>>> print(open('run_15.pdb').read())   # PDB, C-alpha atoms and all ligand atoms
ATOM      1  CA  MET A   1     -14.431  15.196 -24.074  1.00  0.00           C
ATOM      2  CA  PHE A   2     -16.581  13.287 -21.611  1.00  0.00           C
ATOM      3  CA  VAL A   3     -20.313  13.276 -22.408  1.00  0.00           C
ATOM      4  CA  THR A   4     -22.978  11.611 -20.256  1.00  0.00           C
ATOM      5  CA  ILE A   5     -26.656  10.923 -20.910  1.00  0.00           C
ATOM      6  CA  GLU A   6     -29.082  10.932 -17.992  1.00  0.00           C
ATOM      7  CA  GLY A   7     -32.805  10.620 -17.369  1.00  0.00           C
ATOM      8  CA  VAL A   8     -35.460   8.534 -15.679  1.00  0.00           C
ATOM      9  CA  GLU A   9     -36.489   5.108 -16.997  1.00  0.00           C
ATOM     10  CA  GLY A  10     -38.436   5.449 -20.238  1.00  0.00           C
ATOM     11  CA  ALA A  11     -36.747   8.713 -21.257  1.00  0.00           C
ATOM     12  CA  GLY A  12     -35.190   7.099 -24.349  1.00  0.00           C
ATOM     13  CA  LYS A  13     -31.486   7.164 -23.418  1.00  0.00           C
ATOM     14  CA  SER A  14     -30.508   3.948 -25.190  1.00  0.00           C
ATOM     15  CA  THR A  15     -31.984   5.054 -28.519  1.00  0.00           C
ATOM     16  CA  LEU A  16     -30.281   8.429 -28.239  1.00  0.00           C
ATOM     17  CA  VAL A  17     -26.897   6.886 -27.389  1.00  0.00           C
ATOM     18  CA  ALA A  18     -27.089   4.601 -30.446  1.00  0.00           C
ATOM     19  CA  LEU A  19     -28.116   7.419 -32.836  1.00  0.00           C
ATOM     20  CA  LEU A  20     -25.548   9.781 -31.425  1.00  0.00           C
ATOM     21  CA  SER A  21     -22.789   7.223 -31.821  1.00  0.00           C
ATOM     22  CA  ASP A  22     -23.777   6.731 -35.496  1.00  0.00           C
ATOM     23  CA  ALA A  23     -23.744  10.502 -36.047  1.00  0.00           C
ATOM     24  CA  LEU A  24     -20.289  10.825 -34.434  1.00  0.00           C
ATOM     25  CA  LYS A  25     -19.010   7.976 -36.610  1.00  0.00           C
ATOM     26  CA  LYS A  26     -20.298   9.722 -39.758  1.00  0.00           C
ATOM     27  CA  ARG A  27     -18.407  12.838 -38.734  1.00  0.00           C
ATOM     28  CA  GLY A  28     -15.246  10.816 -38.142  1.00  0.00           C
ATOM     29  CA  ILE A  29     -15.183  11.630 -34.425  1.00  0.00           C
ATOM     30  CA  ASP A  30     -13.251   8.910 -32.597  1.00  0.00           C
ATOM     31  CA  HIS A  31     -15.275   7.831 -29.582  1.00  0.00           C
ATOM     32  CA  VAL A  32     -16.133   5.020 -27.189  1.00  0.00           C
ATOM     33  CA  VAL A  33     -19.609   4.205 -25.902  1.00  0.00           C
ATOM     34  CA  THR A  34     -20.180   2.741 -22.481  1.00  0.00           C
ATOM     35  CA  ARG A  35     -22.806   2.483 -19.753  1.00  0.00           C
ATOM     36  CA  GLU A  36     -23.458   2.397 -16.056  1.00  0.00           C
ATOM     37  CA  PRO A  37     -23.846   0.304 -14.101  1.00  0.00           C
ATOM     38  CA  GLY A  38     -21.679  -1.887 -16.305  1.00  0.00           C
ATOM     39  CA  GLY A  39     -19.193  -1.176 -19.060  1.00  0.00           C
ATOM     40  CA  THR A  40     -16.547  -3.584 -17.713  1.00  0.00           C
ATOM     41  CA  PRO A  41     -16.820  -7.335 -16.955  1.00  0.00           C
ATOM     42  CA  LEU A  42     -16.946  -6.524 -13.218  1.00  0.00           C
ATOM     43  CA  GLY A  43     -19.428  -3.697 -13.767  1.00  0.00           C
ATOM     44  CA  GLU A  44     -21.750  -5.916 -15.808  1.00  0.00           C
ATOM     45  CA  ARG A  45     -21.792  -8.483 -12.976  1.00  0.00           C
ATOM     46  CA  ILE A  46     -22.607  -5.725 -10.504  1.00  0.00           C
ATOM     47  CA  ARG A  47     -25.370  -4.580 -12.885  1.00  0.00           C
ATOM     48  CA  SER A  48     -27.057  -8.020 -12.937  1.00  0.00           C
ATOM     49  CA  LEU A  49     -26.896  -8.232  -9.156  1.00  0.00           C
ATOM     50  CA  PHE A  50     -28.199  -4.680  -8.785  1.00  0.00           C
ATOM     51  CA  LEU A  51     -31.196  -5.081 -11.112  1.00  0.00           C
ATOM     52  CA  GLU A  52     -32.335  -8.550  -9.928  1.00  0.00           C
ATOM     53  CA  PRO A  53     -35.981  -8.093  -8.848  1.00  0.00           C
ATOM     54  CA  GLU A  54     -35.539 -10.306  -5.745  1.00  0.00           C
ATOM     55  CA  ALA A  55     -32.335  -8.665  -4.446  1.00  0.00           C
ATOM     56  CA  ALA A  56     -32.679  -6.908  -1.075  1.00  0.00           C
ATOM     57  CA  ILE A  57     -30.103  -4.113  -1.129  1.00  0.00           C
ATOM     58  CA  ASP A  58     -29.756  -1.409   1.500  1.00  0.00           C
ATOM     59  CA  PRO A  59     -29.615   2.159   0.039  1.00  0.00           C
ATOM     60  CA  LEU A  60     -26.054   2.732   1.266  1.00  0.00           C
ATOM     61  CA  ALA A  61     -24.957  -0.620  -0.180  1.00  0.00           C
ATOM     62  CA  GLU A  62     -26.671   0.409  -3.434  1.00  0.00           C
ATOM     63  CA  ALA A  63     -24.619   3.593  -3.576  1.00  0.00           C
ATOM     64  CA  MET A  64     -21.431   1.647  -2.786  1.00  0.00           C
ATOM     65  CA  LEU A  65     -22.135  -0.952  -5.483  1.00  0.00           C
ATOM     66  CA  MET A  66     -22.618   1.822  -8.047  1.00  0.00           C
ATOM     67  CA  ALA A  67     -19.431   3.503  -6.847  1.00  0.00           C
ATOM     68  CA  ALA A  68     -17.477   0.231  -7.214  1.00  0.00           C
ATOM     69  CA  SER A  69     -18.724  -0.308 -10.770  1.00  0.00           C
ATOM     70  CA  ARG A  70     -17.868   3.326 -11.517  1.00  0.00           C
ATOM     71  CA  ALA A  71     -14.353   3.182 -10.038  1.00  0.00           C
ATOM     72  CA  GLN A  72     -13.579   0.174 -12.240  1.00  0.00           C
ATOM     73  CA  LEU A  73     -15.023   1.875 -15.339  1.00  0.00           C
ATOM     74  CA  VAL A  74     -13.189   5.153 -14.749  1.00  0.00           C
ATOM     75  CA  ARG A  75      -9.790   3.576 -14.150  1.00  0.00           C
ATOM     76  CA  ARG A  76     -10.004   0.836 -16.782  1.00  0.00           C
ATOM     77  CA  LEU A  77     -11.883   2.531 -19.605  1.00  0.00           C
ATOM     78  CA  ILE A  78     -12.908   6.187 -19.275  1.00  0.00           C
ATOM     79  CA  ARG A  79      -9.621   7.807 -18.195  1.00  0.00           C
ATOM     80  CA  PRO A  80      -7.474   5.796 -20.642  1.00  0.00           C
ATOM     81  CA  ALA A  81      -9.848   6.722 -23.503  1.00  0.00           C
ATOM     82  CA  LEU A  82      -9.835  10.421 -22.563  1.00  0.00           C
ATOM     83  CA  GLU A  83      -6.043  10.333 -22.335  1.00  0.00           C
ATOM     84  CA  ARG A  84      -5.904   8.863 -25.870  1.00  0.00           C
ATOM     85  CA  GLY A  85      -7.972  11.868 -26.984  1.00  0.00           C
ATOM     86  CA  GLN A  86     -11.179   9.935 -27.638  1.00  0.00           C
ATOM     87  CA  LEU A  87     -14.627  11.276 -26.889  1.00  0.00           C
ATOM     88  CA  VAL A  88     -16.367   9.153 -24.249  1.00  0.00           C
ATOM     89  CA  LEU A  89     -20.145   8.765 -24.428  1.00  0.00           C
ATOM     90  CA  CYS A  90     -21.491   7.229 -21.224  1.00  0.00           C
ATOM     91  CA  ASP A  91     -25.090   6.135 -20.584  1.00  0.00           C
ATOM     92  CA  ARG A  92     -25.370   7.460 -16.976  1.00  0.00           C
ATOM     93  CA  PHE A  93     -22.591   8.457 -14.534  1.00  0.00           C
ATOM     94  CA  TRP A  94     -22.436   9.705 -10.933  1.00  0.00           C
ATOM     95  CA  ASP A  95     -25.356  12.080 -11.387  1.00  0.00           C
ATOM     96  CA  ALA A  96     -27.485   8.912 -11.537  1.00  0.00           C
ATOM     97  CA  SER A  97     -26.293   7.940  -8.059  1.00  0.00           C
ATOM     98  CA  VAL A  98     -27.146  11.409  -6.758  1.00  0.00           C
ATOM     99  CA  ALA A  99     -30.621  11.260  -8.370  1.00  0.00           C
ATOM    100  CA  TYR A 100     -31.482   7.631  -7.474  1.00  0.00           C
ATOM    101  CA  GLN A 101     -29.632   6.991  -4.206  1.00  0.00           C
ATOM    102  CA  GLY A 102     -29.262  10.593  -3.004  1.00  0.00           C
ATOM    103  CA  TYR A 103     -32.757  11.887  -3.790  1.00  0.00           C
ATOM    104  CA  GLY A 104     -34.738   8.710  -4.589  1.00  0.00           C
ATOM    105  CA  ARG A 105     -33.539   6.623  -1.635  1.00  0.00           C
ATOM    106  CA  GLY A 106     -33.006   9.634   0.613  1.00  0.00           C
ATOM    107  CA  LEU A 107     -29.271   9.283   1.333  1.00  0.00           C
ATOM    108  CA  GLY A 108     -28.933  12.974   0.491  1.00  0.00           C
ATOM    109  CA  PRO A 109     -26.970  14.479  -2.399  1.00  0.00           C
ATOM    110  CA  GLU A 110     -23.884  15.579  -0.455  1.00  0.00           C
ATOM    111  CA  ARG A 111     -23.024  12.134   0.889  1.00  0.00           C
ATOM    112  CA  VAL A 112     -23.387  10.576  -2.542  1.00  0.00           C
ATOM    113  CA  ILE A 113     -21.310  13.299  -4.219  1.00  0.00           C
ATOM    114  CA  GLU A 114     -18.542  12.791  -1.637  1.00  0.00           C
ATOM    115  CA  LEU A 115     -18.545   9.007  -2.155  1.00  0.00           C
ATOM    116  CA  ASN A 116     -18.294   9.504  -5.905  1.00  0.00           C
ATOM    117  CA  ARG A 117     -15.518  12.053  -5.607  1.00  0.00           C
ATOM    118  CA  ILE A 118     -13.464   9.239  -4.100  1.00  0.00           C
ATOM    119  CA  ALA A 119     -14.686   6.572  -6.568  1.00  0.00           C
ATOM    120  CA  THR A 120     -13.960   8.649  -9.672  1.00  0.00           C
ATOM    121  CA  GLU A 121     -10.915  10.523  -8.342  1.00  0.00           C
ATOM    122  CA  SER A 122     -12.908  13.707  -8.971  1.00  0.00           C
ATOM    123  CA  LEU A 123     -13.857  13.024 -12.586  1.00  0.00           C
ATOM    124  CA  SER A 124     -16.945  14.915 -13.779  1.00  0.00           C
ATOM    125  CA  PRO A 125     -18.498  15.016 -17.260  1.00  0.00           C
ATOM    126  CA  ASP A 126     -17.785  17.981 -19.562  1.00  0.00           C
ATOM    127  CA  LEU A 127     -21.350  17.782 -20.839  1.00  0.00           C
ATOM    128  CA  THR A 128     -24.445  16.067 -19.463  1.00  0.00           C
ATOM    129  CA  LEU A 129     -27.525  15.649 -21.637  1.00  0.00           C
ATOM    130  CA  LEU A 130     -30.622  15.251 -19.481  1.00  0.00           C
ATOM    131  CA  LEU A 131     -33.580  13.698 -21.274  1.00  0.00           C
ATOM    132  CA  ASP A 132     -36.595  15.330 -19.733  1.00  0.00           C
ATOM    133  CA  VAL A 133     -39.896  13.502 -20.098  1.00  0.00           C
ATOM    134  CA  PRO A 134     -43.257  14.004 -18.331  1.00  0.00           C
ATOM    135  CA  GLU A 135     -44.017  11.397 -15.662  1.00  0.00           C
ATOM    136  CA  GLU A 136     -47.004   9.872 -17.469  1.00  0.00           C
ATOM    137  CA  GLU A 137     -45.086   9.472 -20.716  1.00  0.00           C
ATOM    138  CA  ALA A 138     -42.103   7.863 -18.935  1.00  0.00           C
ATOM    139  CA  GLN A 139     -44.392   5.403 -17.126  1.00  0.00           C
ATOM    140  CA  ARG A 140     -46.193   4.559 -20.368  1.00  0.00           C
ATOM    141  CA  ARG A 141     -42.916   3.869 -22.204  1.00  0.00           C
ATOM    142  CA  MET A 142     -41.480   1.849 -19.318  1.00  0.00           C
ATOM    143  CA  HIS A 143     -44.530  -0.387 -19.009  1.00  0.00           C
ATOM    144  CA  GLY A 144     -44.805  -0.683 -22.805  1.00  0.00           C
ATOM    145  CA  ARG A 145     -41.449  -2.476 -23.060  1.00  0.00           C
ATOM    146  CA  SER A 146     -41.395  -6.249 -23.239  1.00  0.00           C
ATOM    147  CA  GLY A 147     -40.045  -8.402 -20.419  1.00  0.00           C
ATOM    148  CA  GLU A 148     -40.166  -8.246 -16.648  1.00  0.00           C
ATOM    149  CA  LEU A 149     -39.574  -4.927 -14.878  1.00  0.00           C
ATOM    150  CA  ASP A 150     -36.220  -4.821 -13.058  1.00  0.00           C
ATOM    151  CA  ARG A 151     -35.775  -3.994  -9.362  1.00  0.00           C
ATOM    152  CA  MET A 152     -35.544  -0.239  -9.948  1.00  0.00           C
ATOM    153  CA  GLU A 153     -38.362  -0.109 -12.505  1.00  0.00           C
ATOM    154  CA  GLN A 154     -40.610  -1.829  -9.941  1.00  0.00           C
ATOM    155  CA  GLU A 155     -40.153   1.086  -7.529  1.00  0.00           C
ATOM    156  CA  SER A 156     -43.120   3.332  -6.657  1.00  0.00           C
ATOM    157  CA  ARG A 157     -44.275   6.375  -8.607  1.00  0.00           C
ATOM    158  CA  ALA A 158     -43.231   8.493  -5.613  1.00  0.00           C
ATOM    159  CA  PHE A 159     -39.668   7.133  -5.863  1.00  0.00           C
ATOM    160  CA  HIS A 160     -39.456   7.909  -9.578  1.00  0.00           C
ATOM    161  CA  ARG A 161     -40.860  11.382  -8.903  1.00  0.00           C
ATOM    162  CA  ARG A 162     -38.074  12.050  -6.372  1.00  0.00           C
ATOM    163  CA  VAL A 163     -35.497  10.843  -8.914  1.00  0.00           C
ATOM    164  CA  ALA A 164     -36.877  13.192 -11.595  1.00  0.00           C
ATOM    165  CA  ALA A 165     -36.840  16.107  -9.106  1.00  0.00           C
ATOM    166  CA  GLY A 166     -33.257  15.152  -8.186  1.00  0.00           C
ATOM    167  CA  TYR A 167     -32.195  15.403 -11.824  1.00  0.00           C
ATOM    168  CA  HIS A 168     -33.751  18.860 -12.100  1.00  0.00           C
ATOM    169  CA  ALA A 169     -31.893  19.962  -8.970  1.00  0.00           C
ATOM    170  CA  LEU A 170     -28.637  18.674 -10.504  1.00  0.00           C
ATOM    171  CA  ALA A 171     -29.337  20.483 -13.786  1.00  0.00           C
ATOM    172  CA  GLU A 172     -29.651  23.749 -11.848  1.00  0.00           C
ATOM    173  CA  ARG A 173     -26.657  23.136  -9.617  1.00  0.00           C
ATOM    174  CA  PHE A 174     -24.320  22.125 -12.465  1.00  0.00           C
ATOM    175  CA  ALA A 175     -25.919  24.338 -15.113  1.00  0.00           C
ATOM    176  CA  GLU A 176     -22.564  24.950 -16.880  1.00  0.00           C
ATOM    177  CA  ARG A 177     -22.351  21.312 -18.012  1.00  0.00           C
ATOM    178  CA  TYR A 178     -26.067  20.432 -18.273  1.00  0.00           C
ATOM    179  CA  ARG A 179     -28.282  20.611 -21.354  1.00  0.00           C
ATOM    180  CA  VAL A 180     -31.901  19.624 -20.800  1.00  0.00           C
ATOM    181  CA  LEU A 181     -33.494  18.053 -23.887  1.00  0.00           C
ATOM    182  CA  ASP A 182     -37.234  17.552 -24.377  1.00  0.00           C
ATOM    183  CA  ALA A 183     -37.490  13.770 -24.746  1.00  0.00           C
ATOM    184  CA  ARG A 184     -40.960  13.996 -26.344  1.00  0.00           C
ATOM    185  CA  ARG A 185     -39.256  14.990 -29.593  1.00  0.00           C
ATOM    186  CA  GLY A 186     -38.527  12.332 -32.213  1.00  0.00           C
ATOM    187  CA  PRO A 187     -35.284  10.358 -31.828  1.00  0.00           C
ATOM    188  CA  GLU A 188     -33.674  11.930 -34.925  1.00  0.00           C
ATOM    189  CA  GLN A 189     -34.365  15.475 -33.776  1.00  0.00           C
ATOM    190  CA  LEU A 190     -33.065  14.648 -30.305  1.00  0.00           C
ATOM    191  CA  ALA A 191     -29.863  13.236 -31.796  1.00  0.00           C
ATOM    192  CA  ASP A 192     -29.411  16.463 -33.830  1.00  0.00           C
ATOM    193  CA  GLU A 193     -29.881  18.578 -30.706  1.00  0.00           C
ATOM    194  CA  ALA A 194     -27.461  16.394 -28.754  1.00  0.00           C
ATOM    195  CA  LEU A 195     -24.844  16.659 -31.496  1.00  0.00           C
ATOM    196  CA  ALA A 196     -25.239  20.445 -31.609  1.00  0.00           C
ATOM    197  CA  ALA A 197     -24.723  20.564 -27.828  1.00  0.00           C
ATOM    198  CA  ILE A 198     -21.527  18.506 -28.150  1.00  0.00           C
ATOM    199  CA  GLU A 199     -20.197  20.732 -30.922  1.00  0.00           C
ATOM    200  CA  GLN A 200     -21.009  23.852 -28.919  1.00  0.00           C
ATOM    201  CA  GLN A 201     -19.311  22.513 -25.804  1.00  0.00           C
ATOM    202  CA  THR A 202     -16.187  21.638 -27.827  1.00  0.00           C
ATOM    203  CA  ARG A 203     -15.686  25.227 -28.979  1.00  0.00           C
ATOM    204  CA  PRO A 204     -13.382  27.404 -26.868  1.00  0.00           C
ATOM    205  CA  ARG A 205     -15.378  29.283 -24.222  1.00  0.00           C
ATOM    206  CA  SER A 206     -14.514  32.710 -25.635  1.00  0.00           C
ATOM    207  CA  ARG A 207     -16.156  31.846 -28.970  1.00  0.00           C
ATOM    208  CA  ARG A 208     -19.383  30.418 -27.561  1.00  0.00           C
TER     209      ARG A 208
HETATM  210  P1  LIG B 301     -30.433   1.778 -17.132  1.00  0.00           P
HETATM  211  O1  LIG B 301     -31.666   0.943 -17.188  1.00  0.00           O
HETATM  212  O2  LIG B 301     -30.638   3.177 -17.539  1.00  0.00           O
HETATM  213  O3  LIG B 301     -29.277   1.146 -17.778  1.00  0.00           O
HETATM  214  O4  LIG B 301     -30.044   1.904 -15.570  1.00  0.00           O
HETATM  215  C1  LIG B 301     -30.162   0.863 -14.709  1.00  0.00           C
HETATM  216  C2  LIG B 301     -30.868   1.274 -13.453  1.00  0.00           C
HETATM  217  O5  LIG B 301     -29.897   1.567 -12.435  1.00  0.00           O
HETATM  218  C3  LIG B 301     -31.775   2.475 -13.519  1.00  0.00           C
HETATM  219  O6  LIG B 301     -32.958   2.161 -12.808  1.00  0.00           O
HETATM  220  C4  LIG B 301     -31.035   3.537 -12.761  1.00  0.00           C
HETATM  221  C5  LIG B 301     -30.228   2.744 -11.758  1.00  0.00           C
HETATM  222  N1  LIG B 301     -29.001   3.399 -11.311  1.00  0.00           N
HETATM  223  C6  LIG B 301     -28.901   3.822  -9.984  1.00  0.00           C
HETATM  224  O7  LIG B 301     -29.833   3.640  -9.207  1.00  0.00           O
HETATM  225  N2  LIG B 301     -27.754   4.434  -9.578  1.00  0.00           N
HETATM  226  C7  LIG B 301     -26.692   4.635 -10.418  1.00  0.00           C
HETATM  227  O8  LIG B 301     -25.673   5.212  -9.997  1.00  0.00           O
HETATM  228  C8  LIG B 301     -26.815   4.183 -11.793  1.00  0.00           C
HETATM  229  C9  LIG B 301     -25.673   4.384 -12.732  1.00  0.00           C
HETATM  230  C10 LIG B 301     -27.982   3.575 -12.186  1.00  0.00           C
END
>>> encode(input="run_15.pdb", output="structure tokens")
Amino acid sequence: MFVTIEGVEGAGKSTLVALLSDALKKRGIDHVVTREPGGTPLGERIRSLFLEPEAAIDPLAEAMLMAASRAQLVRRLIRPALERGQLVLCDRFWDASVAYQGYGRGLGPERVIELNRIATESLSPDLTLLLDVPEEEAQRRMHGRSGELDRMEQESRAFHRRVAAGYHALAERFAERYRVLDARRGPEQLADEALAAIEQQTRPRSRR
């Protein structure tokens, strides 16, 4: 089973991924955790380049960089793990490119989906958990973190608003694999809800 976690900056994805992985371990569910951009040595180098505050990257080049990192991750890690029967938990996947480059940068969702169909050889998640958080709360959390803001975090409020709207459009379009979670809840409760969603998605359709 292929599970992805999505959301705007400050939604609390990293905390959820860590708690969820612990919960899966306790239940003896064999899984691998990875992230995008990154997850492979090549992907991590692309990530540093991509997030550098001074980098000037054209929107189409942005989408292509994300697709390259993703192609490497899918072929080297995700598909082999799924073929071994492991659950894969990925912090972001191609929905992030649709939200950020498609809606945020204005490339349009269809072009980005097409590019990613090629990059992933048509791999889509079985379940996507979208952490939904109000704009003010997300901004507060993002600015409350220590360290310099990265290139994407430095983007305007309007950009982040388009990204959030893009995620909601995706959640409607791919409703069969999306679960929207209220990220204002405590981390433990969110992890419980996420685990329940995974268990529900694992059950045969007829018994759901
Ligand atoms: P992260 O901070 O959640 O790890 O994500 C890194 C940043 O990269 C975040 O601002 C979202 C952005 N991003 C894209 O713009 N397109 C993509 O396809 C992915 C995976 C991430």
>>> residues_near_ligand(input="run_15.pdb", ligand="ligand LIG 301 (chain B)", cutoff="6 Å", atoms="all atoms listed in the file", output="ChimeraX atom specification")
/A:36-37,66,92-94,96-97,100,152-153
>>> closest_residue(input="run_15.pdb", among="A:Tyr103, A:Phe2, A:Tyr167, A:Phe50", to="A:Val180", atoms="all atoms listed in the file")
A:Tyr167
>>> atom_distance(input="run_15.pdb", atom1="atom CA of A:Leu20", atom2="atom CA of A:Glu121")
27.3 Å
>>> residues_around(input="run_15.pdb", residues="stretch 129-139 of chain A", least_positions_apart="6", cutoff="8 Å", atoms="all atoms listed in the file", output="list in words")
Val3, Thr4, Ile5, Glu6, Gly7, Val8, Glu9, Gly10, Ala11, Gly12, Lys13, Arg161, Tyr167, Ala171, Tyr178, Arg179, Val180, Leu181, Asp182, Ala183, Arg184 and Ala194 of chain A
>>> atom_distance(input="run_15.pdb", atom1="atom CA of A:Glu193", atom2="atom CA of A:Pro125")
18.0 Å
>>> atom_distance(input="run_15.pdb", atom1="atom CA of A:Ala67", atom2="atom CA of A:Glu148")
25.8 Å
>>> closest_residue(input="run_15.pdb", among="A:Ala119, A:Val88, A:Leu149, A:Ala18", to="A:Pro53", atoms="only C-alpha atoms")
A:Leu149
>>> closest_residue(input="run_15.pdb", among="A:Ala191, A:Met1, A:Ile198, A:Ala63", to="A:Asp22", atoms="only C-alpha atoms")
A:Ala191
>>> closest_residue(input="run_15.pdb", among="A:Asp126, A:Glu54, A:Asp30, A:Glu110", to="A:Arg177", atoms="only C-alpha atoms")
A:Asp126
>>> residues_around(input="run_15.pdb", residues="A:Leu60", least_positions_apart="2", cutoff="9 Å", atoms="all atoms listed in the file", output="ChimeraX atom specification")
/A:57-58,62-65,101,105,107
>>> closest_residue(input="run_15.pdb", among="A:Ala55, A:Ala158, A:Leu89, A:Val112", to="A:Thr128", atoms="all atoms listed in the file")
A:Leu89
>>> closest_residue(input="run_15.pdb", among="A:Arg75, A:Lys26, A:Arg173, A:His160", to="A:Asp95", atoms="all atoms listed in the file")
A:Arg173
>>> resolve_selection(input="run_15.pdb", expression="the PyMOL selection byres (((chain A and resi 78-82) around 10) and not hetatm)", output="MDAnalysis selection string")
chainID A and resid 1:2 30:34 39 70:77 83:90 120 123
